[in-house]
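File shown: coords-v1.pdb (PDB, C-alpha atoms).
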ATOM      1  CA  MET A 226      17.038   1.828  -1.183
ATOM      2  CA  GLU A 227      15.117   4.800  -2.546
ATOM      3  CA  LYS A 228      11.935   6.271  -1.177
ATOM      4  CA  VAL A 229       9.179   6.930  -3.673
ATOM      5  CA  ASN A 230       6.436   9.533  -3.453
ATOM      6  CA  LEU A 231       3.588   7.584  -4.973
ATOM      7  CA  LEU A 232       1.529  10.583  -6.037
ATOM      8  CA  GLY A 233       4.620  12.105  -7.614
ATOM      9  CA  GLU A 234       4.943   9.034  -9.818
ATOM     10  CA  ALA A 235       1.679   9.935 -11.556
ATOM     11  CA  SER A 236       3.448  12.534 -13.680
ATOM     12  CA  LYS A 237       5.401   9.696 -15.304
ATOM     13  CA  VAL A 238       2.236   7.976 -16.512
ATOM     14  CA  ALA A 239       1.828   9.073 -20.125
ATOM     15  CA  ASP A 240      -1.701   7.857 -20.828
ATOM     16  CA  LEU A 241      -4.919   7.519 -18.881
ATOM     17  CA  TRP A 242      -5.213   3.960 -17.551
ATOM     18  CA  GLY A 243      -1.473   3.636 -17.974
ATOM     19  CA  ARG A 244       0.768   2.925 -15.026
ATOM     20  CA  VAL A 245       4.278   2.917 -13.659
ATOM     21  CA  THR A 246       5.738   0.401 -11.241
ATOM     22  CA  PRO A 247       8.063   2.315  -8.912
ATOM     23  CA  LEU A 248       8.437  -0.366  -6.249
ATOM     24  CA  ARG A 249       8.486  -4.111  -5.864
ATOM     25  CA  PHE A 250       8.443  -6.297  -2.770
ATOM     26  CA  ASN A 251       8.833 -10.045  -2.648
ATOM     27  CA  ASP A 252       6.928 -11.211  -5.752
ATOM     28  CA  TYR A 253       4.581  -8.210  -5.805
ATOM     29  CA  ASP A 254       4.455  -4.996  -7.810
ATOM     30  CA  VAL A 255       3.361  -1.594  -6.524
ATOM     31  CA  HIS A 256       1.751   0.223  -9.442
ATOM     32  CA  VAL A 257       0.632   3.842  -9.738
ATOM     33  CA  ASN A 258      -2.163   4.350 -12.268
ATOM     34  CA  ARG A 259      -3.654   7.514 -13.718
ATOM     35  CA  ILE A 260      -7.315   6.900 -14.487
ATOM     36  CA  LYS A 261     -10.393   8.706 -15.822
ATOM     37  CA  GLY A 262     -13.556   7.233 -17.277
ATOM     38  CA  GLU A 263     -14.539   3.592 -17.075
ATOM     39  CA  TYR A 264     -12.222   0.584 -17.278
ATOM     40  CA  VAL A 265     -13.401  -2.919 -18.225
ATOM     41  CA  TRP A 266     -15.170  -5.512 -16.124
ATOM     42  CA  HIS A 267     -12.639  -8.120 -15.099
ATOM     43  CA  SER A 268     -11.547 -10.413 -12.316
ATOM     44  CA  HIS A 269      -8.344 -12.087 -11.220
ATOM     45  CA  ALA A 270      -8.802 -15.791 -10.606
ATOM     46  CA  ASP A 271      -5.718 -16.303  -8.487
ATOM     47  CA  THR A 272      -5.132 -13.100  -6.552
ATOM     48  CA  ASP A 273      -6.853 -10.458  -4.494
ATOM     49  CA  ASP A 274      -6.541  -6.938  -5.886
ATOM     50  CA  VAL A 275      -5.425  -4.062  -3.633
ATOM     51  CA  LEU A 276      -6.624  -0.605  -4.718
ATOM     52  CA  MET A 277      -5.959   2.702  -2.948
ATOM     53  CA  VAL A 278      -6.865   6.218  -4.061
ATOM     54  CA  LEU A 279      -3.980   8.699  -3.804
ATOM     55  CA  SER A 280      -5.841  11.680  -5.289
ATOM     56  CA  GLY A 281      -9.272  12.157  -6.799
ATOM     57  CA  ARG A 282     -12.164   9.733  -6.490
ATOM     58  CA  MET A 283     -12.769   6.231  -7.828
ATOM     59  CA  THR A 284     -15.854   4.060  -7.961
ATOM     60  CA  VAL A 285     -15.157   0.341  -7.821
ATOM     61  CA  GLN A 286     -18.210  -1.066  -9.540
ATOM     62  CA  LEU A 287     -19.164  -4.548  -8.391
ATOM     63  CA  ARG A 288     -22.037  -6.756  -9.545
ATOM     64  CA  THR A 289     -23.454  -6.268  -6.037
ATOM     65  CA  GLY A 290     -23.095  -2.462  -5.910
ATOM     66  CA  ASP A 291     -20.562   0.329  -5.949
ATOM     67  CA  VAL A 292     -17.761   1.172  -3.524
ATOM     68  CA  GLU A 293     -16.771   4.851  -3.566
ATOM     69  CA  LEU A 294     -13.167   5.672  -2.673
ATOM     70  CA  GLY A 295     -11.552   9.015  -1.877
ATOM     71  CA  PRO A 296      -7.965   9.898  -0.957
ATOM     72  CA  GLY A 297      -6.476   7.448   1.537
ATOM     73  CA  ASP A 298      -9.237   4.886   1.044
ATOM     74  CA  MET A 299      -8.211   1.314   0.274
ATOM     75  CA  VAL A 300     -10.229  -1.717  -0.741
ATOM     76  CA  VAL A 301      -9.286  -5.332  -1.372
ATOM     77  CA  VAL A 302     -11.210  -6.956  -4.211
ATOM     78  CA  PRO A 303     -11.143 -10.682  -3.506
ATOM     79  CA  ALA A 304      -9.884 -13.129  -6.116
ATOM     80  CA  GLY A 305     -12.573 -14.095  -8.562
ATOM     81  CA  VAL A 306     -14.800 -11.074  -7.893
ATOM     82  CA  GLU A 307     -15.743  -9.137 -11.011
ATOM     83  CA  HIS A 308     -15.113  -5.416 -10.783
ATOM     84  CA  CYS A 309     -14.881  -2.365 -13.012
ATOM     85  CA  PRO A 310     -13.084   0.783 -11.813
ATOM     86  CA  LYS A 311     -14.515   4.137 -12.852
ATOM     87  CA  ALA A 312     -13.466   7.721 -12.217
ATOM     88  CA  ASP A 313     -15.424  10.828 -13.181
ATOM     89  CA  GLU A 314     -12.399  13.055 -12.624
ATOM     90  CA  GLU A 315      -8.745  12.313 -13.232
ATOM     91  CA  THR A 316      -7.660  10.166 -10.325
ATOM     92  CA  VAL A 317      -4.406   8.588  -9.193
ATOM     93  CA  ILE A 318      -4.449   5.186  -7.566
ATOM     94  CA  MET A 319      -2.001   2.684  -6.162
ATOM     95  CA  CYS A 320      -2.545  -0.938  -7.114
ATOM     96  CA  ILE A 321      -0.715  -3.898  -5.577
ATOM     97  CA  GLU A 322      -0.660  -7.184  -7.453
ATOM     98  CA  PRO A 323       1.593 -10.191  -7.848
ATOM     99  CA  ARG A 324       4.188  -9.552 -10.526
ATOM    100  CA  ASP A 325       2.931 -10.135 -14.062
ATOM    101  CA  THR A 326      -0.745  -9.966 -13.136
ATOM    102  CA  ALA A 327      -2.668  -8.828 -16.231
ATOM    103  CA  PRO A 328      -4.375  -5.486 -15.444
ATOM    104  CA  THR A 329      -7.439  -6.533 -17.402
ATOM    105  CA  GLY A 330      -7.699  -9.783 -15.464
ATOM    106  CA  ASP A 331      -8.066 -13.296 -16.729
ATOM    107  CA  ALA A 332     -11.827 -13.769 -16.637
TER     108      ALA A 332
ATOM    109  CA  MET B 201     -16.195  -5.711   0.703
ATOM    110  CA  GLU B 202     -15.614  -2.617   2.812
ATOM    111  CA  LYS B 203     -13.386   0.314   2.008
ATOM    112  CA  VAL B 204     -11.016   1.435   4.720
ATOM    113  CA  ASN B 205      -9.611   4.906   5.259
ATOM    114  CA  LEU B 206      -6.137   4.028   6.413
ATOM    115  CA  LEU B 207      -5.453   7.270   8.257
ATOM    116  CA  GLY B 208      -8.819   6.940   9.992
ATOM    117  CA  GLU B 209      -7.726   3.598  11.402
ATOM    118  CA  ALA B 210      -5.046   5.330  13.462
ATOM    119  CA  SER B 211      -7.619   6.390  16.053
ATOM    120  CA  LYS B 212      -8.138   2.704  16.844
ATOM    121  CA  VAL B 213      -4.488   2.221  17.789
ATOM    122  CA  ALA B 214      -4.380   2.502  21.562
ATOM    123  CA  ASP B 215      -0.643   2.725  22.151
ATOM    124  CA  LEU B 216       2.317   4.218  20.360
ATOM    125  CA  TRP B 217       4.002   1.507  18.240
ATOM    126  CA  GLY B 218       0.754  -0.416  18.381
ATOM    127  CA  ARG B 219      -1.150  -1.269  15.235
ATOM    128  CA  VAL B 220      -4.400  -2.411  13.721
ATOM    129  CA  THR B 221      -4.791  -4.656  10.709
ATOM    130  CA  PRO B 222      -7.819  -3.397   8.783
ATOM    131  CA  LEU B 223      -7.182  -5.282   5.544
ATOM    132  CA  ARG B 224      -5.704  -8.506   4.296
ATOM    133  CA  PHE B 225      -4.913  -9.676   0.781
ATOM    134  CA  ASN B 226      -3.715 -13.114  -0.242
ATOM    135  CA  ASP B 227      -1.356 -14.076   2.589
ATOM    136  CA  TYR B 228      -0.447 -10.479   3.474
ATOM    137  CA  ASP B 229      -1.577  -8.073   6.182
ATOM    138  CA  VAL B 230      -2.048  -4.319   5.787
ATOM    139  CA  HIS B 231      -1.201  -2.754   9.136
ATOM    140  CA  VAL B 232      -1.664   0.834  10.328
ATOM    141  CA  ASN B 233       0.803   1.839  13.040
ATOM    142  CA  ARG B 234       0.922   4.896  15.259
ATOM    143  CA  ILE B 235       4.532   5.710  16.067
ATOM    144  CA  LYS B 236       6.651   8.243  17.938
ATOM    145  CA  GLY B 237      10.194   7.911  19.184
ATOM    146  CA  GLU B 238      12.583   5.165  18.176
ATOM    147  CA  TYR B 239      11.743   1.514  17.547
ATOM    148  CA  VAL B 240      14.315  -1.300  17.693
ATOM    149  CA  TRP B 241      16.892  -2.350  15.148
ATOM    150  CA  HIS B 242      15.631  -5.449  13.408
ATOM    151  CA  SER B 243      15.447  -7.276  10.115
ATOM    152  CA  HIS B 244      13.171  -9.807   8.488
ATOM    153  CA  ALA B 245      15.100 -12.726   7.041
ATOM    154  CA  ASP B 246      12.396 -13.955   4.706
ATOM    155  CA  THR B 247      10.447 -10.931   3.552
ATOM    156  CA  ASP B 248      10.795  -7.415   2.260
ATOM    157  CA  ASP B 249       9.116  -4.780   4.427
ATOM    158  CA  VAL B 250       6.805  -2.172   2.861
ATOM    159  CA  LEU B 251       6.520   1.102   4.793
ATOM    160  CA  MET B 252       4.454   4.158   3.810
ATOM    161  CA  VAL B 253       3.876   7.364   5.767
ATOM    162  CA  LEU B 254       0.209   8.400   5.941
ATOM    163  CA  SER B 255       0.738  11.453   8.175
ATOM    164  CA  GLY B 256       3.744  12.937   9.935
ATOM    165  CA  ARG B 257       7.348  12.074   9.218
ATOM    166  CA  MET B 258       9.425   8.930   9.715
ATOM    167  CA  THR B 259      13.128   8.266   9.496
ATOM    168  CA  VAL B 260      14.042   4.747   8.442
ATOM    169  CA  GLN B 261      17.472   4.361   9.954
ATOM    170  CA  LEU B 262      19.736   1.969   8.075
ATOM    171  CA  ARG B 263      23.308   0.941   8.821
ATOM    172  CA  THR B 264      24.222   2.786   5.621
ATOM    173  CA  GLY B 265      22.309   5.999   6.369
ATOM    174  CA  ASP B 266      18.843   7.404   6.913
ATOM    175  CA  VAL B 267      15.829   7.558   4.616
ATOM    176  CA  GLU B 268      13.407  10.388   5.472
ATOM    177  CA  LEU B 269       9.770   9.809   4.602
ATOM    178  CA  GLY B 270       6.864  12.263   4.538
ATOM    179  CA  PRO B 271       3.193  11.765   3.669
ATOM    180  CA  GLY B 272       2.716   9.587   0.599
ATOM    181  CA  ASP B 273       6.305   8.371   0.611
ATOM    182  CA  MET B 274       6.897   4.621   0.476
ATOM    183  CA  VAL B 275      10.030   2.544   0.850
ATOM    184  CA  VAL B 276      10.724  -1.174   0.564
ATOM    185  CA  VAL B 277      13.291  -2.459   3.035
ATOM    186  CA  PRO B 278      14.743  -5.611   1.467
ATOM    187  CA  ALA B 279      14.736  -8.877   3.368
ATOM    188  CA  GLY B 280      17.708  -9.186   5.665
ATOM    189  CA  VAL B 281      18.450  -5.451   5.832
ATOM    190  CA  GLU B 282      18.659  -4.091   9.371
ATOM    191  CA  HIS B 283      16.519  -1.033   9.979
ATOM    192  CA  CYS B 284      15.172   1.027  12.847
ATOM    193  CA  PRO B 285      12.171   3.329  12.326
ATOM    194  CA  LYS B 286      12.137   6.632  14.194
ATOM    195  CA  ALA B 287       9.661   9.510  14.360
ATOM    196  CA  ASP B 288      10.214  12.821  16.133
ATOM    197  CA  GLU B 289       6.509  13.675  15.964
ATOM    198  CA  GLU B 290       3.529  11.352  16.179
ATOM    199  CA  THR B 291       3.283   9.686  12.799
ATOM    200  CA  VAL B 292       0.917   7.226  11.171
ATOM    201  CA  ILE B 293       2.298   4.631   8.791
ATOM    202  CA  MET B 294       1.036   1.745   6.717
ATOM    203  CA  CYS B 295       3.060  -1.449   6.828
ATOM    204  CA  ILE B 296       2.551  -4.440   4.532
ATOM    205  CA  GLU B 297       3.975  -7.783   5.575
ATOM    206  CA  PRO B 298       3.195 -11.466   5.143
ATOM    207  CA  ARG B 299       0.698 -12.620   7.752
ATOM    208  CA  ASP B 300       2.279 -13.429  11.106
ATOM    209  CA  THR B 301       5.494 -11.537  10.445
ATOM    210  CA  ALA B 302       6.921 -10.478  13.809
ATOM    211  CA  PRO B 303       7.059  -6.643  13.916
ATOM    212  CA  THR B 304      10.374  -6.754  15.741
ATOM    213  CA  GLY B 305      11.871  -9.031  13.103
ATOM    214  CA  ASP B 306      13.713 -12.280  13.518
ATOM    215  CA  ALA B 307      17.318 -11.152  13.528
TER     216      ALA B 307
END

Please rewrite the model in this file as structure tokens.
Amino acid sequence: MEKVNLLGEASKVADLWGRVTPLRFNDYDVHVNRIKGEYVWHSHADTDDVLMVLSGRMTVQLRTGDVELGPGDMVVVPAGVEHCPKADEETVIMCIEPRDTAPTGDA
Amino acid sequence: MEKVNLLGEASKVADLWGRVTPLRFNDYDVHVNRIKGEYVWHSHADTDDVLMVLSGRMTVQLRTGDVELGPGDMVVVPAGVEHCPKADEETVIMCIEPRDTAPTGDA
């Protein structure tokens, strides 16, 4: 059983919007993503999406408005809700999803 | 959809070893616990246990040795593995468990 410093994992992410998966629990993955710029609008039909900022700032764009996250902020995007993450500066986030969830969603 | 600052939730925890549950995803709870001292040895037969330090320091005591966690460190205690959290100073942690998991375990 190894502890993982989540922010420290960011250095292993080669490309922006890439990720590593340092931990797993039950049938879930804990991902660390390095992001900058705008992702794609997507949703996950069958799972909520857990997003937490570890460093930097992220805007979770929703069709109903934006949610702004700083370090230590977490949001749960409900299943089926379209969203598009965006970061003006390089930002590191943790993302928790069921194993094998497509990062770009399924809708 | 509201963002939550996990560390900020700690002020809502009245008692040491108490917790609040600011977020839920799928059939999981995201708890924030305020801890100091030693908890009880316990295990969860049917679920892994996700523990992350938000501030302070925590020792996850295991029968095989200790794991020391500082801010941003996360560990997954596998199902069935006996553990006993301990904190010399007041510490705030996040804990992710399936809804209705007993904090003191089932074994």

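The protein and nucleic acid residues lying at most 9 Å from Glu227 (chain A) are Val267, Met274, Val275 and Val276 of chain B, with all atoms listed in the file considered and sequence neighbours fewer than 4 positions away removed.
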
Please provide chain A as a short mmCIF file (atom, residue, chain, number, x, y, z; two decimals) with C-alpha atoms, in the coordinates of the input, once it has been superposed on chain B by least squares across all sequentially paired Cα atoms.
data_model
loop_
_atom_site.label_atom_id
_atom_site.label_comp_id
_atom_site.auth_asym_id
_atom_site.auth_seq_id
_atom_site.Cartn_x
_atom_site.Cartn_y
_atom_site.Cartn_z
CA MET A 226 -16.18 -5.73 0.69
CA GLU A 227 -15.59 -2.64 2.81
CA LYS A 228 -13.38 0.30 1.99
CA VAL A 229 -11.02 1.43 4.72
CA ASN A 230 -9.62 4.91 5.26
CA LEU A 231 -6.14 4.02 6.42
CA LEU A 232 -5.46 7.26 8.27
CA GLY A 233 -8.82 6.94 9.99
CA GLU A 234 -7.73 3.59 11.39
CA ALA A 235 -5.04 5.33 13.46
CA SER A 236 -7.62 6.38 16.04
CA LYS A 237 -8.13 2.70 16.85
CA VAL A 238 -4.48 2.21 17.78
CA ALA A 239 -4.38 2.50 21.57
CA ASP A 240 -0.63 2.72 22.15
CA LEU A 241 2.33 4.22 20.35
CA TRP A 242 4.00 1.52 18.24
CA GLY A 243 0.76 -0.41 18.38
CA ARG A 244 -1.13 -1.27 15.23
CA VAL A 245 -4.39 -2.41 13.72
CA THR A 246 -4.80 -4.66 10.71
CA PRO A 247 -7.83 -3.40 8.78
CA LEU A 248 -7.19 -5.28 5.54
CA ARG A 249 -5.70 -8.51 4.29
CA PHE A 250 -4.92 -9.68 0.77
CA ASN A 251 -3.73 -13.11 -0.25
CA ASP A 252 -1.35 -14.08 2.59
CA TYR A 253 -0.46 -10.48 3.47
CA ASP A 254 -1.57 -8.07 6.18
CA VAL A 255 -2.06 -4.32 5.78
CA HIS A 256 -1.20 -2.75 9.13
CA VAL A 257 -1.66 0.83 10.32
CA ASN A 258 0.80 1.84 13.04
CA ARG A 259 0.92 4.90 15.27
CA ILE A 260 4.54 5.70 16.06
CA LYS A 261 6.65 8.25 17.94
CA GLY A 262 10.21 7.92 19.17
CA GLU A 263 12.61 5.17 18.17
CA TYR A 264 11.76 1.52 17.54
CA VAL A 265 14.33 -1.29 17.70
CA TRP A 266 16.90 -2.35 15.15
CA HIS A 267 15.63 -5.45 13.41
CA SER A 268 15.44 -7.26 10.11
CA HIS A 269 13.17 -9.81 8.49
CA ALA A 270 15.09 -12.73 7.04
CA ASP A 271 12.39 -13.96 4.71
CA THR A 272 10.43 -10.93 3.55
CA ASP A 273 10.79 -7.41 2.26
CA ASP A 274 9.12 -4.77 4.42
CA VAL A 275 6.80 -2.18 2.85
CA LEU A 276 6.51 1.11 4.78
CA MET A 277 4.45 4.15 3.81
CA VAL A 278 3.87 7.36 5.76
CA LEU A 279 0.21 8.41 5.94
CA SER A 280 0.74 11.45 8.18
CA GLY A 281 3.74 12.94 9.94
CA ARG A 282 7.36 12.07 9.22
CA MET A 283 9.43 8.93 9.72
CA THR A 284 13.14 8.27 9.50
CA VAL A 285 14.04 4.74 8.46
CA GLN A 286 17.48 4.37 9.96
CA LEU A 287 19.73 1.97 8.07
CA ARG A 288 23.32 0.95 8.82
CA THR A 289 24.22 2.79 5.61
CA GLY A 290 22.31 6.01 6.36
CA ASP A 291 18.86 7.41 6.92
CA VAL A 292 15.84 7.56 4.62
CA GLU A 293 13.42 10.38 5.47
CA LEU A 294 9.75 9.82 4.61
CA GLY A 295 6.86 12.27 4.54
CA PRO A 296 3.19 11.78 3.67
CA GLY A 297 2.72 9.59 0.59
CA ASP A 298 6.32 8.37 0.61
CA MET A 299 6.90 4.62 0.47
CA VAL A 300 10.05 2.55 0.85
CA VAL A 301 10.72 -1.16 0.56
CA VAL A 302 13.29 -2.46 3.04
CA PRO A 303 14.73 -5.60 1.47
CA ALA A 304 14.74 -8.89 3.37
CA GLY A 305 17.71 -9.20 5.65
CA VAL A 306 18.44 -5.46 5.83
CA GLU A 307 18.66 -4.10 9.36
CA HIS A 308 16.53 -1.03 9.98
CA CYS A 309 15.17 1.03 12.85
CA PRO A 310 12.18 3.34 12.33
CA LYS A 311 12.14 6.63 14.20
CA ALA A 312 9.67 9.50 14.37
CA ASP A 313 10.21 12.82 16.14
CA GLU A 314 6.51 13.65 15.96
CA GLU A 315 3.53 11.34 16.19
CA THR A 316 3.28 9.69 12.81
CA VAL A 317 0.92 7.22 11.17
CA ILE A 318 2.29 4.63 8.79
CA MET A 319 1.03 1.74 6.72
CA CYS A 320 3.07 -1.44 6.82
CA ILE A 321 2.55 -4.44 4.54
CA GLU A 322 3.96 -7.79 5.58
CA PRO A 323 3.18 -11.46 5.14
CA ARG A 324 0.70 -12.60 7.76
CA ASP A 325 2.26 -13.43 11.12
CA THR A 326 5.48 -11.54 10.45
CA ALA A 327 6.92 -10.47 13.82
CA PRO A 328 7.05 -6.64 13.93
CA THR A 329 10.36 -6.75 15.74
CA GLY A 330 11.85 -9.04 13.11
CA ASP A 331 13.70 -12.28 13.54
CA ALA A 332 17.31 -11.11 13.53
#

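Every protein or nucleic acid residue with an atom no more than 10 Å from Glu315 (chain A), counting all atoms listed in the file and leaving out same-chain residues fewer than 6 positions away, appears here: Leu241, Arg259, Ile260, Lys261, Gly262, Ser280, Gly281, Arg282 and Met283 of chain A.
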
Selected by the PyMOL selection byres ((chain B and resi 280) around 8) in the shown coordinates: which residues, as a compact mmCIF listing (two decimals) with C-alpha atoms, in the frame of the given file?
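See expr19.txt below for the written result:
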# COMPACT_ATOMS: atom_id res chain seq x y z
CA SER B 243 15.45 -7.28 10.12
CA HIS B 244 13.17 -9.81 8.49
CA ALA B 245 15.10 -12.73 7.04
CA ASP B 246 12.40 -13.96 4.71
CA THR B 247 10.45 -10.93 3.55
CA ASP B 248 10.80 -7.42 2.26
CA PRO B 278 14.74 -5.61 1.47
CA ALA B 279 14.74 -8.88 3.37
CA VAL B 281 18.45 -5.45 5.83
CA GLU B 282 18.66 -4.09 9.37

Could you give me, as a list of chain:residue names, the residues within 9 Å of Met294 (chain B), counting all atoms listed in the file and dropping anything in the same chain fewer than 3 positions from it?
B:Leu206, B:Leu207, B:Val230, B:His231, B:Val232, B:Asn233, B:Val250, B:Leu251, B:Met252, B:Val253, B:Leu254

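Shortest separation to chain A among B:His242, B:Arg224, B:Arg263, B:Lys212 occurs at residue B:Arg224, atoms counted being all atoms listed in the file.
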
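Across the chains present, the PyMOL selection byres ((chain B and resi 238) around 12) applied to this file returns Leu216, Trp217, Ile235, Lys236, Gly237, Tyr239, Val240, Trp241, Met258, Thr259, Val260, Gln261, His283, Cys284, Pro285, Lys286, Ala287, Asp288, Glu289, Glu290 and Thr291 of chain B.
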
May I ask which of the residues A:Asp240, A:Asp298, A:Glu234, A:Glu293 is the closest one to chain B, counting all atoms listed in the file?
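Of A:Asp240, A:Asp298, A:Glu234, A:Glu293, the one nearest chain B, counting all atoms listed in the file, is A:Asp298.
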
Interatomic distance (Å, one decimal) between CA of Asp274 (chain A) and CA of Val220 (chain B)
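Computing the Euclidean distance for CA of Asp274 (chain A) and CA of Val220 (chain B) yields 20.2 Å.
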
For each of A:Gly243, A:Met226, A:Pro296, A:Ala235, take the minimum atom-to-atom distance to Pro328 (chain A), counting all atoms listed in the file, then give the residue where this is smallest.
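Among the listed residues, the smallest separation from Pro328 (chain A) belongs to A:Gly243.
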
In Å, how far is it from CA of Pro323 (chain A) to CA of Pro247 (chain A)?
14.1 Å

Picked residues, the PyMOL selection byres ((chain B and resi 300) around 10), as a PyMOL selection string:
chain B and resi 227-229+297-299+301-303
